[in-house]
file run_38.cif (mmCIF, C-alpha atoms and all ligand atoms)
data_final
#
loop_
_atom_site.label_atom_id
_atom_site.label_comp_id
_atom_site.auth_asym_id
_atom_site.auth_seq_id
_atom_site.Cartn_x
_atom_site.Cartn_y
_atom_site.Cartn_z
CA MET A 28 -17.21 37.07 -3.44
CA LYS A 29 -15.51 33.79 -2.49
CA HIS A 30 -14.79 31.35 -5.30
CA LEU A 31 -12.91 28.12 -5.98
CA PHE A 32 -9.62 29.99 -6.32
CA SER A 33 -9.95 32.11 -3.18
CA PRO A 34 -7.27 31.17 -0.63
CA LEU A 35 -8.37 29.21 2.44
CA ARG A 36 -6.65 29.87 5.74
CA LEU A 37 -6.73 27.31 8.56
CA ARG A 38 -4.57 28.43 11.53
CA ASP A 39 -1.18 29.27 9.90
CA MET A 40 -1.72 27.22 6.74
CA THR A 41 -3.01 29.11 3.72
CA LEU A 42 -4.13 27.06 0.73
CA LYS A 43 -3.83 28.85 -2.62
CA ASN A 44 -7.24 27.50 -3.67
CA ARG A 45 -10.12 25.36 -2.40
CA ILE A 46 -9.20 22.17 -4.30
CA ALA A 47 -7.79 19.15 -2.43
CA LEU A 48 -6.57 15.81 -3.68
CA SER A 49 -8.65 13.31 -1.71
CA PRO A 50 -6.78 10.50 0.08
CA MET A 51 -6.58 7.45 -2.16
CA GLN A 52 -4.92 4.19 -1.16
CA GLN A 53 -2.47 3.07 -3.82
CA TYR A 54 -1.42 -0.34 -2.41
CA SER A 55 2.04 0.32 -3.84
CA ALA A 56 4.32 0.77 -0.82
CA VAL A 57 7.06 -1.59 0.33
CA ASP A 58 7.50 -1.84 4.13
CA GLY A 59 5.15 1.12 4.47
CA ILE A 60 7.63 3.40 2.70
CA PRO A 61 6.18 5.67 0.01
CA GLY A 62 8.21 5.34 -3.17
CA GLN A 63 8.41 6.37 -6.80
CA TRP A 64 4.73 5.68 -7.44
CA HIS A 65 3.68 7.95 -4.57
CA LEU A 66 6.00 10.74 -5.69
CA VAL A 67 4.45 10.70 -9.14
CA HIS A 68 0.86 10.18 -7.96
CA LEU A 69 0.95 12.95 -5.35
CA GLY A 70 3.48 15.15 -7.14
CA SER A 71 1.56 15.27 -10.40
CA ARG A 72 -1.62 16.49 -8.67
CA ALA A 73 0.48 19.24 -7.06
CA VAL A 74 1.88 20.11 -10.51
CA GLY A 75 -1.75 20.02 -11.66
CA GLY A 76 -2.61 22.88 -9.35
CA ALA A 77 -4.48 21.42 -6.34
CA GLY A 78 -3.99 23.61 -3.26
CA LEU A 79 -3.92 20.72 -0.79
CA ILE A 80 -2.44 17.29 -1.38
CA LEU A 81 -3.63 14.65 1.09
CA THR A 82 -1.78 11.35 1.31
CA GLU A 83 -3.59 8.06 1.20
CA CYS A 84 -4.55 6.60 4.58
CA THR A 85 -1.23 6.05 6.32
CA ALA A 86 -0.83 3.52 9.08
CA ILE A 87 0.28 4.54 12.57
CA SER A 88 1.68 1.05 13.30
CA PRO A 89 2.23 -2.25 11.46
CA GLU A 90 -1.04 -3.67 12.89
CA ALA A 91 -2.92 -0.57 11.66
CA MET A 92 -2.34 -1.48 8.01
CA CYS A 93 -5.10 -2.95 5.91
CA THR A 94 -2.70 -4.60 3.45
CA LEU A 95 1.05 -5.07 3.49
CA TYR A 96 1.23 -2.52 0.62
CA ASP A 97 -0.16 0.47 2.54
CA THR A 98 1.98 3.44 3.52
CA GLY A 99 3.02 3.97 7.14
CA ILE A 100 4.56 6.67 9.29
CA TRP A 101 5.81 4.85 12.38
CA ASN A 102 9.53 4.64 11.53
CA GLU A 103 12.40 6.78 10.24
CA ALA A 104 12.60 5.18 6.78
CA GLN A 105 8.95 6.05 6.22
CA VAL A 106 9.50 9.61 7.48
CA ALA A 107 12.39 10.01 5.01
CA GLY A 108 10.23 8.65 2.17
CA TRP A 109 7.50 11.14 2.98
CA LYS A 110 9.90 14.06 3.35
CA PHE A 111 11.18 13.59 -0.20
CA ILE A 112 7.59 13.87 -1.50
CA VAL A 113 6.53 16.70 0.81
CA ASP A 114 9.50 18.77 -0.37
CA PHE A 115 8.50 18.29 -4.01
CA VAL A 116 4.85 19.18 -3.30
CA HIS A 117 5.98 22.36 -1.51
CA GLN A 118 8.07 23.35 -4.52
CA GLN A 119 4.81 23.37 -6.51
CA GLY A 120 3.19 25.85 -4.11
CA ALA A 121 0.80 23.30 -2.63
CA LYS A 122 0.39 22.29 1.01
CA MET A 123 0.47 18.68 2.10
CA GLY A 124 -1.36 16.70 4.76
CA VAL A 125 -0.98 13.13 5.94
CA GLN A 126 -4.08 11.07 6.63
CA LEU A 127 -3.31 9.15 9.83
CA TRP A 128 -5.15 5.88 10.10
CA HIS A 129 -5.75 2.59 11.85
CA ALA A 130 -7.68 -0.04 9.85
CA GLY A 131 -8.89 -1.79 13.04
CA GLY A 132 -11.10 -4.76 12.24
CA LYS A 133 -10.47 -4.39 8.51
CA ALA A 134 -6.73 -5.00 8.97
CA SER A 135 -4.82 -7.94 7.54
CA SER A 136 -6.23 -8.08 4.02
CA LYS A 137 -4.77 -9.28 0.75
CA HIS A 138 -3.83 -6.88 -2.04
CA PRO A 139 -6.86 -5.68 -4.07
CA ASN A 140 -5.42 -7.44 -7.12
CA GLU A 141 -5.79 -10.65 -5.07
CA GLY A 142 -9.38 -9.88 -4.09
CA MET A 143 -8.75 -8.04 -0.78
CA LYS A 144 -9.80 -11.14 1.22
CA PRO A 145 -8.52 -11.62 4.79
CA LEU A 146 -4.80 -12.42 4.78
CA PRO A 147 -4.35 -15.67 6.75
CA LEU A 148 -1.81 -15.87 9.59
CA GLU A 149 0.25 -18.47 7.70
CA GLU A 150 0.68 -15.99 4.82
CA GLY A 151 1.97 -13.21 7.10
CA GLY A 152 -1.40 -11.94 8.31
CA TRP A 153 -2.27 -10.84 11.85
CA ILE A 154 -5.40 -10.76 14.02
CA PRO A 155 -7.36 -7.56 13.38
CA LYS A 156 -8.48 -5.62 16.45
CA SER A 157 -11.64 -3.54 16.63
CA SER A 158 -13.96 -2.01 19.22
CA SER A 159 -15.73 -5.38 19.48
CA ALA A 160 -15.70 -8.83 17.97
CA THR A 161 -18.45 -7.84 15.51
CA PRO A 162 -17.57 -9.29 12.10
CA ILE A 163 -16.85 -6.74 9.38
CA ASN A 164 -17.30 -8.17 5.89
CA ALA A 165 -15.20 -11.35 5.91
CA HIS A 166 -13.10 -10.20 8.90
CA HIS A 167 -13.49 -11.58 12.42
CA PRO A 168 -11.68 -9.11 14.66
CA GLN A 169 -11.01 -9.31 18.40
CA ALA A 170 -12.09 -6.56 20.80
CA MET A 171 -9.23 -4.29 21.90
CA THR A 172 -8.21 -4.37 25.53
CA LEU A 173 -7.96 -1.09 27.44
CA GLN A 174 -4.19 -1.39 27.22
CA GLU A 175 -4.37 -1.78 23.44
CA ILE A 176 -6.60 1.30 23.24
CA GLN A 177 -3.98 3.25 25.19
CA GLU A 178 -1.28 2.03 22.78
CA VAL A 179 -3.33 3.23 19.80
CA LYS A 180 -3.57 6.71 21.32
CA ASN A 181 0.20 6.77 21.87
CA GLN A 182 0.78 5.58 18.30
CA PHE A 183 -1.38 8.38 16.89
CA ALA A 184 0.64 10.89 18.92
CA GLN A 185 3.96 9.40 17.76
CA ALA A 186 2.73 9.38 14.15
CA ALA A 187 1.83 13.07 14.51
CA LYS A 188 5.39 13.77 15.73
CA ASN A 189 6.74 11.90 12.72
CA ALA A 190 4.47 13.89 10.41
CA ILE A 191 5.99 17.11 11.72
CA LYS A 192 9.48 15.70 11.07
CA ALA A 193 8.50 14.84 7.51
CA GLY A 194 7.43 18.46 6.96
CA PHE A 195 3.68 17.98 6.56
CA ASP A 196 1.60 21.17 6.89
CA THR A 197 -1.43 19.46 8.38
CA ILE A 198 -2.78 16.16 9.68
CA GLU A 199 -6.09 14.57 8.81
CA LEU A 200 -7.39 11.87 11.14
CA HIS A 201 -9.18 9.16 9.19
CA ALA A 202 -12.27 8.55 11.29
CA ALA A 203 -14.47 7.35 8.43
CA HIS A 204 -15.17 4.42 6.09
CA GLY A 205 -15.53 1.68 8.67
CA TYR A 206 -11.97 1.84 10.05
CA LEU A 207 -10.94 1.77 13.71
CA LEU A 208 -12.13 5.18 14.93
CA HIS A 209 -15.45 4.69 13.11
CA GLN A 210 -15.66 1.14 14.56
CA PHE A 211 -15.76 2.80 17.97
CA TYR A 212 -18.28 5.58 17.34
CA SER A 213 -20.76 3.54 15.28
CA GLY A 214 -23.17 1.40 17.28
CA LEU A 215 -23.34 -0.98 14.32
CA ILE A 216 -19.95 -2.38 15.37
CA ASN A 217 -19.28 -1.13 18.91
CA LYS A 218 -20.90 -3.55 21.39
CA ARG A 219 -18.52 -2.81 24.32
CA THR A 220 -19.82 -2.50 27.83
CA ASP A 221 -16.91 -0.49 29.31
CA GLU A 222 -16.25 3.27 29.10
CA TYR A 223 -15.59 2.97 25.34
CA GLY A 224 -19.00 1.51 24.46
CA GLY A 225 -22.71 1.96 24.99
CA SER A 226 -23.65 5.64 25.26
CA PHE A 227 -22.84 8.26 22.60
CA GLU A 228 -20.22 9.80 24.94
CA ASN A 229 -18.54 6.43 25.40
CA ARG A 230 -18.52 5.55 21.70
CA ILE A 231 -16.96 8.87 20.66
CA ARG A 232 -14.43 8.69 23.51
CA LEU A 233 -11.57 7.16 21.51
CA LEU A 234 -11.89 9.66 18.65
CA VAL A 235 -12.02 12.60 21.05
CA GLU A 236 -9.03 11.25 23.01
CA VAL A 237 -7.04 10.77 19.80
CA VAL A 238 -7.91 14.33 18.73
CA ASN A 239 -6.70 15.59 22.12
CA GLU A 240 -3.47 13.55 21.92
CA VAL A 241 -2.67 14.80 18.44
CA ARG A 242 -3.71 18.39 19.15
CA ASN A 243 -1.40 18.39 22.20
CA THR A 244 1.45 17.00 20.08
CA ILE A 245 1.36 19.37 17.12
CA PRO A 246 2.09 23.11 17.20
CA ASP A 247 -0.81 25.51 17.75
CA GLU A 248 -0.21 26.94 14.28
CA MET A 249 -0.81 23.59 12.57
CA PRO A 250 -4.40 22.83 11.52
CA LEU A 251 -5.98 19.49 12.40
CA LEU A 252 -8.53 17.94 10.05
CA VAL A 253 -10.88 15.01 10.61
CA ARG A 254 -12.64 12.86 8.01
CA LEU A 255 -15.90 11.46 9.34
CA SER A 256 -18.50 9.08 8.04
CA ALA A 257 -21.25 11.57 8.80
CA VAL A 258 -23.83 8.80 8.32
CA ASP A 259 -23.65 5.01 8.22
CA TYR A 260 -26.12 4.80 5.31
CA SER A 261 -27.98 2.15 7.33
CA ASN A 262 -31.51 2.10 8.76
CA GLU A 263 -30.52 -0.11 11.72
CA PRO A 264 -31.42 1.55 15.04
CA GLU A 265 -27.74 1.39 16.16
CA ALA A 266 -26.48 3.16 13.04
CA TRP A 267 -24.66 6.50 13.20
CA THR A 268 -26.82 9.40 12.01
CA LEU A 269 -26.35 12.98 10.90
CA ALA A 270 -27.82 14.11 14.25
CA ASP A 271 -24.97 12.19 15.96
CA SER A 272 -22.45 13.90 13.66
CA LEU A 273 -23.81 17.33 14.53
CA LYS A 274 -23.33 16.60 18.24
CA LEU A 275 -19.87 15.14 17.66
CA THR A 276 -18.58 17.96 15.46
CA GLU A 277 -19.35 20.57 18.13
CA ILE A 278 -17.16 18.57 20.51
CA LEU A 279 -14.42 18.14 17.88
CA LYS A 280 -14.45 21.87 17.18
CA ASP A 281 -14.08 22.62 20.90
CA SER A 282 -11.18 20.13 20.99
CA GLY A 283 -9.28 22.11 18.35
CA VAL A 284 -10.29 20.46 15.06
CA ASP A 285 -10.19 23.02 12.26
CA LEU A 286 -12.01 21.34 9.39
CA ILE A 287 -14.25 18.29 9.04
CA THR A 288 -14.64 16.46 5.75
CA ALA A 289 -18.02 14.77 5.62
CA SER A 290 -17.88 11.40 3.94
CA GLY A 291 -20.15 8.45 4.69
CA GLY A 292 -20.56 4.70 5.04
CA GLY A 293 -18.01 1.95 5.48
CA PHE A 294 -19.97 -0.97 6.93
CA VAL A 295 -22.88 -1.48 4.55
CA GLN A 296 -23.16 -1.28 0.78
CA VAL A 297 -24.32 2.21 -0.23
CA ASP A 298 -27.41 2.17 -2.44
CA PRO A 299 -25.94 3.08 -5.85
CA SER A 300 -29.05 5.08 -6.74
CA ILE A 301 -28.12 7.78 -4.18
CA VAL A 302 -24.56 8.20 -5.50
CA LYS A 303 -25.06 11.32 -7.61
CA PRO A 304 -23.14 14.59 -8.03
CA ASN A 305 -22.86 16.39 -4.66
CA TYR A 306 -24.59 13.49 -2.87
CA GLN A 307 -22.63 14.04 0.34
CA LEU A 308 -22.72 17.83 0.20
CA PRO A 309 -25.84 18.19 2.42
CA LEU A 310 -23.93 16.37 5.21
CA ALA A 311 -21.06 18.87 4.99
CA THR A 312 -23.37 21.87 4.82
CA ALA A 313 -25.34 20.71 7.85
CA ILE A 314 -22.11 20.38 9.89
CA ARG A 315 -20.86 23.75 8.62
CA GLU A 316 -24.05 25.47 9.74
CA SER A 317 -24.52 23.69 13.04
CA ALA A 318 -20.92 23.72 14.29
CA ASN A 319 -20.08 27.00 12.53
CA MET A 320 -16.77 25.65 11.27
CA PRO A 321 -15.07 25.04 7.91
CA VAL A 322 -15.94 21.81 6.14
CA GLY A 323 -14.73 19.81 3.18
CA THR A 324 -17.11 18.01 0.86
CA VAL A 325 -16.30 14.85 -1.05
CA GLY A 326 -18.13 12.59 -3.45
CA MET A 327 -18.95 12.86 -7.14
CA ILE A 328 -17.53 16.32 -7.70
CA THR A 329 -16.10 16.32 -11.19
CA ASP A 330 -16.68 19.72 -12.75
CA ALA A 331 -15.24 23.22 -12.26
CA HIS A 332 -18.59 25.03 -12.26
CA GLN A 333 -20.08 22.45 -9.88
CA ALA A 334 -17.15 22.92 -7.48
CA ASN A 335 -17.19 26.70 -7.76
CA ALA A 336 -20.93 26.91 -7.07
CA ILE A 337 -20.43 25.02 -3.78
CA ILE A 338 -17.90 27.62 -2.61
CA GLU A 339 -19.87 30.61 -3.92
CA ASN A 340 -23.03 29.36 -2.19
CA SER A 341 -21.09 28.84 1.09
CA GLU A 342 -22.16 25.19 1.22
CA ALA A 343 -18.59 24.00 1.95
CA ASP A 344 -15.12 25.51 2.23
CA LEU A 345 -12.92 22.88 0.57
CA ILE A 346 -13.66 20.71 -2.47
CA VAL A 347 -12.09 17.28 -2.01
CA ILE A 348 -11.76 15.40 -5.26
CA ALA A 349 -10.75 11.75 -5.63
CA ARG A 350 -11.56 9.89 -8.85
CA GLU A 351 -11.76 12.94 -11.12
CA HIS A 352 -8.16 13.62 -10.07
CA LEU A 353 -7.23 10.11 -11.25
CA ARG A 354 -8.76 10.87 -14.65
CA ASN A 355 -7.27 14.33 -14.79
CA PRO A 356 -4.29 15.32 -12.61
CA TYR A 357 -4.64 18.84 -14.08
CA PHE A 358 -8.18 19.32 -12.75
CA ALA A 359 -7.23 22.52 -10.90
CA VAL A 360 -5.34 24.10 -13.82
CA ASP A 361 -8.19 23.25 -16.21
CA ALA A 362 -10.78 24.54 -13.71
CA ALA A 363 -8.94 27.86 -13.42
CA ILE A 364 -9.04 28.31 -17.19
CA GLU A 365 -12.71 27.32 -17.34
CA LEU A 366 -13.59 29.81 -14.61
CA GLY A 367 -11.61 32.65 -16.19
CA GLN A 368 -8.83 32.61 -13.57
CA THR A 369 -5.09 32.64 -14.27
CA PRO A 370 -3.90 29.02 -13.98
CA ASP A 371 -0.99 28.41 -11.64
CA VAL A 372 1.31 26.28 -13.79
CA PRO A 373 4.95 25.43 -13.09
CA TRP A 374 7.40 27.64 -14.99
CA GLN A 375 8.63 24.57 -16.88
CA TYR A 376 5.18 24.26 -18.51
CA LYS A 377 4.44 27.96 -19.15
CA ARG A 378 4.97 27.72 -22.92
CA ALA A 379 1.83 25.59 -23.13
CA TYR A 380 -0.40 28.25 -21.55
C1 LIG A 401 -8.63 4.25 -5.37
C2 LIG A 401 -9.30 4.86 -4.17
C3 LIG A 401 -8.68 4.79 -2.92
C4 LIG A 401 -9.25 5.41 -1.80
N1 LIG A 401 -8.58 5.46 -0.62
C5 LIG A 401 -9.01 6.27 0.38
C6 LIG A 401 -8.20 6.55 1.51
O1 LIG A 401 -7.04 6.13 1.60
N2 LIG A 401 -8.72 7.34 2.49
C7 LIG A 401 -9.98 7.88 2.39
O2 LIG A 401 -10.41 8.59 3.30
N3 LIG A 401 -10.75 7.65 1.31
C8 LIG A 401 -10.29 6.89 0.31
N4 LIG A 401 -11.04 6.74 -0.83
C9 LIG A 401 -12.31 7.48 -0.94
C10 LIG A 401 -12.08 8.82 -1.65
O3 LIG A 401 -11.17 9.64 -0.95
C11 LIG A 401 -13.41 9.57 -1.85
O4 LIG A 401 -13.97 9.83 -0.58
C12 LIG A 401 -14.39 8.80 -2.72
O5 LIG A 401 -13.74 8.22 -3.84
C13 LIG A 401 -15.53 9.70 -3.23
O6 LIG A 401 -14.99 10.79 -3.93
P1 LIG A 401 -14.96 10.88 -5.56
O7 LIG A 401 -16.40 10.75 -6.03
O8 LIG A 401 -14.36 12.24 -5.85
O9 LIG A 401 -14.13 9.76 -6.07
C14 LIG A 401 -10.51 6.08 -1.94
C15 LIG A 401 -11.15 6.09 -3.19
C16 LIG A 401 -10.55 5.52 -4.29
C17 LIG A 401 -11.24 5.62 -5.63
#
call {"tool": "encode", "arguments": {"input": "run_38.cif", "output": "structure tokens"}}
result
Amino acid sequence: MKHLFSPLRLRDMTLKNRIALSPMQQYSAVDGIPGQWHLVHLGSRAVGGAGLILTECTAISPEAMCTLYDTGIWNEAQVAGWKFIVDFVHQQGAKMGVQLWHAGGKASSKHPNEGMKPLPLEEGGWIPKSSSATPINAHHPQAMTLQEIQEVKNQFAQAAKNAIKAGFDTIELHAAHGYLLHQFYSGLINKRTDEYGGSFENRIRLLVEVVNEVRNTIPDEMPLLVRLSAVDYSNEPEAWTLADSLKLTEILKDSGVDLITASGGGFVQVDPSIVKPNYQLPLATAIRESANMPVGTVGMITDAHQANAIIENSEADLIVIAREHLRNPYFAVDAAIELGQTPDVPWQYKRAY
């Protein structure tokens, strides 16, 4: 029977277990280059036994950043910074993926310690670009031109090339949480009247084109992951729904996507009363069953038995853990012990086990 410590194979990448470090922005990079903080943050979760280490959302261009402290992967210095970390993660027996991202209309923000408000032009900010000029929180983006959309596709492809150079095992496209790709597929934001707006097919066009660009750039053996906001958590008639996600994921699967992680929201405040253990699991399970493809689940998973039950019940294939990993970098090692498995600890630490 499958369990949390059964390997997971996606194309030629085999994860030693079903536990992933969820992407978490650290706002600690200089010039988009991951540094000492990122080595320790990502490296210690690899030492702690997670099978897959995902980077924080990593910008494909300077304009794609949310804050000036985000990581990037558009130049050689950034590639070298990532390679140093990827090599360390590999030494721990984990695989590593980069989450490629464009913040779109949420770009040009201040550091969270300064309240994350829009960063004005006179303080080094830039004009955020989105599907439309629909305001997002305090941001007032401009609609992208067709030429700018083409540039974004090229930048995703170039970022994928850079990810290969840095030694990443996989790529996750960040198409969730109210960022650019989500700003196109959600009718809450996308008010375009050209071929990138209006109908379902038009609103998903950019995401599907980016998937095709990246899939055509990376080797066949390399798996491609996508993080979606499977629902907008909004009752507006234009909001994205699970039914939309089920239609989209069939198309993504046919375009060569190997695993979808079902997250949610990004434009409206989520009702805190629904945020409970496994609250996003039904979204993942629905996609898994309808598209017949592997899925990751994320959101309020904090316990070894909880995580193991999801795998044993075939409700999801990968357990993606964010905040519990901040509290406990050794989540995977501790979970192995709790579930009666042999923990995979580095030889340097063996005397403790
Ligand atoms: C500090 C922090 C930073 C985050 N940054 C990202 C990110 O870069 N990309 C992303 O897809 N999600 C990001 N998230 C969302 C998490 O990956 C995850 O989906 C969310 O926290 C729910 O999972 P959890 O209950 O295990 O924390 C972030 C969450 C936190 C707490």
call {"tool": "atom_distance", "arguments": {"input": "run_38.cif", "atom1": "atom O5 of ligand LIG 401 (chain A)", "atom2": "atom CA of Gly326 of chain A"}}
result
6.2 Å
call {"tool": "residues_around", "arguments": {"input": "run_38.cif", "residues": "Ile198 of chain A", "least_positions_apart": "5", "cutoff": "9 Å", "atoms": "all atoms listed in the file", "output": "list in words"}}
result
Leu81, Met123, Gly124, Val125, Gln126, Leu127, Ala187, Ala190, Val241, Met249, Pro250, Leu251, Leu252 and Val253 of chain A
call {"tool": "axis_aligned_box", "arguments": {"input": "run_38.cif", "around": "ligand LIG 401 (chain A)", "padding_each_side": "6 Å", "output": "lines of an AutoDock Vina configuration file"}}
result
center_x = -11.7
center_y = 8.2
center_z = -1.4
size_x = 21.4
size_y = 20.0
size_z = 21.4
call {"tool": "atom_distance", "arguments": {"input": "run_38.cif", "atom1": "atom C8 of ligand LIG 401 (chain A)", "atom2": "atom CA of Ala165 of chain A"}}
result
19.7 Å
call {"tool": "atom_distance", "arguments": {"input": "run_38.cif", "atom1": "atom CA of Ser226 of chain A", "atom2": "atom CA of Ala186 of chain A"}}
result
28.9 Å
call {"tool": "residues_near_point", "arguments": {"input": "run_38.cif", "point": "(-22.4, -0.6, 5.7)", "cutoff": "9 Å", "atoms": "all atoms listed in the file", "output": "PyMOL selection string"}}
result
chain A and resi 204-205+215+259-261+292-297
call {"tool": "write_last_selection", "arguments": {"input": "run_38.cif", "atoms": "C-alpha atoms", "output": "compact mmCIF listing (two decimals), in the frame of the given file"}}
result
# COMPACT_ATOMS: atom_id res chain seq x y z
CA HIS A 204 -15.17 4.42 6.09
CA GLY A 205 -15.53 1.68 8.67
CA LEU A 215 -23.34 -0.98 14.32
CA ASP A 259 -23.65 5.01 8.22
CA TYR A 260 -26.12 4.80 5.31
CA SER A 261 -27.98 2.15 7.33
CA GLY A 292 -20.56 4.70 5.04
CA GLY A 293 -18.01 1.95 5.48
CA PHE A 294 -19.97 -0.97 6.93
CA VAL A 295 -22.88 -1.48 4.55
CA GLN A 296 -23.16 -1.28 0.78
CA VAL A 297 -24.32 2.21 -0.23
call {"tool": "decode", "arguments": {"input": "run_38.cif", "residues": "segment 183-196 of chain A", "atoms": "N, CA, C and O atoms", "output": "tab-separated table (two decimals), in the first residue's frame"}}
result
chain	number	residue	atom	x	y	z
A	183	PHE	N	9.50	33.44	-19.82
A	183	PHE	CA	9.29	32.15	-19.15
A	183	PHE	C	10.20	31.09	-19.78
A	183	PHE	O	10.81	30.29	-19.07
A	184	ALA	N	10.28	31.10	-21.11
A	184	ALA	CA	11.11	30.10	-21.79
A	184	ALA	C	12.59	30.28	-21.42
A	184	ALA	O	13.30	29.32	-21.14
A	185	GLN	N	13.05	31.54	-21.41
A	185	GLN	CA	14.45	31.80	-21.05
A	185	GLN	C	14.71	31.41	-19.59
A	185	GLN	O	15.75	30.82	-19.28
A	186	ALA	N	13.76	31.68	-18.72
A	186	ALA	CA	13.92	31.31	-17.31
A	186	ALA	C	14.00	29.79	-17.17
A	186	ALA	O	14.76	29.27	-16.35
A	187	ALA	N	13.22	29.07	-17.99
A	187	ALA	CA	13.28	27.61	-17.95
A	187	ALA	C	14.67	27.12	-18.39
A	187	ALA	O	15.24	26.20	-17.79
A	188	LYS	N	15.22	27.77	-19.42
A	188	LYS	CA	16.60	27.42	-19.85
A	188	LYS	C	17.57	27.65	-18.71
A	188	LYS	O	18.46	26.84	-18.44
A	189	ASN	N	17.42	28.78	-18.03
A	189	ASN	CA	18.32	29.10	-16.92
A	189	ASN	C	18.16	28.10	-15.78
A	189	ASN	O	19.14	27.76	-15.10
A	190	ALA	N	16.93	27.63	-15.57
A	190	ALA	CA	16.69	26.65	-14.50
A	190	ALA	C	17.44	25.35	-14.80
A	190	ALA	O	17.98	24.72	-13.89
A	191	ILE	N	17.48	24.99	-16.06
A	191	ILE	CA	18.21	23.77	-16.43
A	191	ILE	C	19.70	23.97	-16.14
A	191	ILE	O	20.36	23.10	-15.57
A	192	LYS	N	20.21	25.15	-16.50
A	192	LYS	CA	21.63	25.46	-16.24
A	192	LYS	C	21.96	25.39	-14.76
A	192	LYS	O	23.05	24.98	-14.36
A	193	ALA	N	21.02	25.82	-13.93
A	193	ALA	CA	21.25	25.84	-12.48
A	193	ALA	C	21.13	24.45	-11.87
A	193	ALA	O	21.44	24.27	-10.70
A	194	GLY	N	20.66	23.47	-12.66
A	194	GLY	CA	20.62	22.09	-12.19
A	194	GLY	C	19.30	21.66	-11.56
A	194	GLY	O	19.21	20.58	-10.97
A	195	PHE	N	18.26	22.50	-11.68
A	195	PHE	CA	16.97	22.12	-11.10
A	195	PHE	C	16.45	20.85	-11.76
A	195	PHE	O	16.67	20.61	-12.95
A	196	ASP	N	15.71	20.05	-10.95
A	196	ASP	CA	15.15	18.79	-11.44
A	196	ASP	C	13.78	18.99	-12.08
A	196	ASP	O	13.31	18.15	-12.85
